[in-house]
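Report on the following structure.
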Amino acid sequence: MRSVCPRHPSSTSHDRIRMTDDMFLMTDDTFLDDVAERLAALPAVHAVALGGSRAQGTHTPESDWDLALYYRGGFDPAALRAVGWEGEVSELGEWGGGVFNGGAWLTIDGRRVDVHYRDLEVVEHELAESRRGRFHWEPLMFHLAGIPSYLVVAELALNQVLRGTLPRPEYPAALREAAPPAWRGRAALTLRYASAAYVGRGQATEVAGAVATAALQTAHAVLAARGEWVTNEKRLLQRADLRAIDTIVAGLRPEPTALAEAIAAAEALFEAAG
């Protein structure tokens, strides 16, 4: 449950209540400036950036605050923990390792804040790789299709730098050529495996999972072909004009013939996409 800022006990003076509220409640701008300053002061931190919907102007008042903490060398999460903010602070690599190597879920001044660790050496490597049209795939919790290693490059392009300096890359032409066939290949293999392993057994749940995963893989291909950065899956199907997959998934039945027809329909939708 989202926490609420404390309020002063009731007073006979209305002005006193308003003044007391102002003492406890920061404006969004003041809040963001204060948090960024504290994060930037941590040892080994070189830059802090605002990401997610708030950086892209698509947020609502209830949206979380996503902050990326860019460090070089030996960042110690204990330094972040010592700031004293309420919440959970992970160790490096605790979120699976790879480019997405940890962070924190915090509540600060009544606001939900996610902090993501970003190793600058890793980020710079993936930036160079993306410019050569190279990337790799990584699993990540809450992402059905996993993530491309160029996700950290997308963040550089889309995030709002609050402290320090970071590059602002364009979408590399080489990546626009290399990423779409790689993602489409993954989608085709996902559906092929589902056809071979699940359809004949009438396993609708497994087919549903495969179709959903393949849809998101195809969406990555569509957006890469357009040269549009992706940082998460929340609006990926909408952006790729693939929401018609919902009708296919909704019509699944635990019968081999129906499942085979659903996979064929998904393949036709993906082939036409983009």
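Just so we're on the same page: first chain in the structure tokens is A, next is B, and so on; residues restart at 1 for each chain, and ligands are numbered from 1 in the order they show up.
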
Would you please extract all alpha helix (DSSP H) residues from region 17-134 of chain A, as assigned by DSSP on the backbone, and give them as an NGL selection string?
:A and (17-24 or 28-40 or 52-56 or 77-81 or 120-131)

Show which residues sit within 12 Å of region 121-132 of chain A, as a PyMOL selection string. Count only C-alpha atoms, and ignore same-chain residues fewer than 2 positions away.
chain A and resi 46+68-74+97-101+117-119+134-137+148-157+166-179+224+229

Write out as a JSON list (two decimals) with C-alpha atoms, in the first residue's frame all residues of region 46-138 of chain A that backbone DSSP assigns to strand (DSSP E or B).
[["chain", "number", "residue", "atom", "x", "y", "z"],
["A", 46, "HIS", "CA", 28.82, 9.57, -11.89],
["A", 47, "ALA", "CA", 25.30, 10.37, -13.09],
["A", 48, "VAL", "CA", 21.62, 10.09, -12.15],
["A", 49, "ALA", "CA", 18.77, 10.03, -14.65],
["A", 50, "LEU", "CA", 14.98, 10.01, -14.52],
["A", 51, "GLY", "CA", 13.43, 7.23, -16.59],
["A", 65, "TRP", "CA", 9.44, 7.39, -10.07],
["A", 66, "ASP", "CA", 12.16, 5.47, -11.96],
["A", 67, "LEU", "CA", 15.71, 6.62, -11.38],
["A", 68, "ALA", "CA", 18.88, 5.18, -12.91],
["A", 69, "LEU", "CA", 22.06, 5.41, -10.88],
["A", 70, "TYR", "CA", 25.15, 5.30, -13.15],
["A", 71, "TYR", "CA", 28.33, 4.23, -11.42],
["A", 86, "GLU", "CA", 12.25, 3.00, 3.57],
["A", 87, "GLY", "CA", 12.29, -0.03, 1.28],
["A", 88, "GLU", "CA", 14.42, -2.84, -0.12],
["A", 89, "VAL", "CA", 17.93, -2.37, -1.55],
["A", 103, "GLY", "CA", 18.47, -1.73, -7.67],
["A", 104, "ALA", "CA", 16.03, -0.70, -4.97],
["A", 105, "TRP", "CA", 12.31, -0.39, -4.30],
["A", 106, "LEU", "CA", 11.84, 2.59, -2.02],
["A", 107, "THR", "CA", 9.23, 4.90, -0.52],
["A", 108, "ILE", "CA", 10.47, 8.48, -0.26],
["A", 111, "ARG", "CA", 6.27, 8.42, -3.29],
["A", 112, "ARG", "CA", 7.17, 5.03, -4.76],
["A", 113, "VAL", "CA", 10.68, 5.14, -6.19],
["A", 114, "ASP", "CA", 12.54, 2.48, -8.17],
["A", 115, "VAL", "CA", 16.31, 2.88, -8.39],
["A", 116, "HIS", "CA", 18.19, 0.89, -11.04],
["A", 117, "TYR", "CA", 21.94, 0.26, -10.91],
["A", 118, "ARG", "CA", 23.74, 0.96, -14.18],
["A", 119, "ASP", "CA", 27.41, 0.04, -14.57],
["A", 137, "TRP", "CA", 19.10, -11.51, -25.11],
["A", 138, "GLU", "CA", 18.67, -11.76, -21.34]]

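CA of Ala268 (chain A) lies 24.1 Å from CA of Ile147 (chain A).
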
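Pairwise distance (CA of Arg226 (chain A), CA of Asp241 (chain A)) equals 12.6 Å.
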
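Pairwise distance (CA of Gly84 (chain A), CA of Glu37 (chain A)) equals 14.7 Å.
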
Residue with smallest distance to Met141 (chain A) - pool A:Tyr198, A:Phe270, A:Tyr193, A:Trp95, counting only C-alpha atoms
A:Trp95
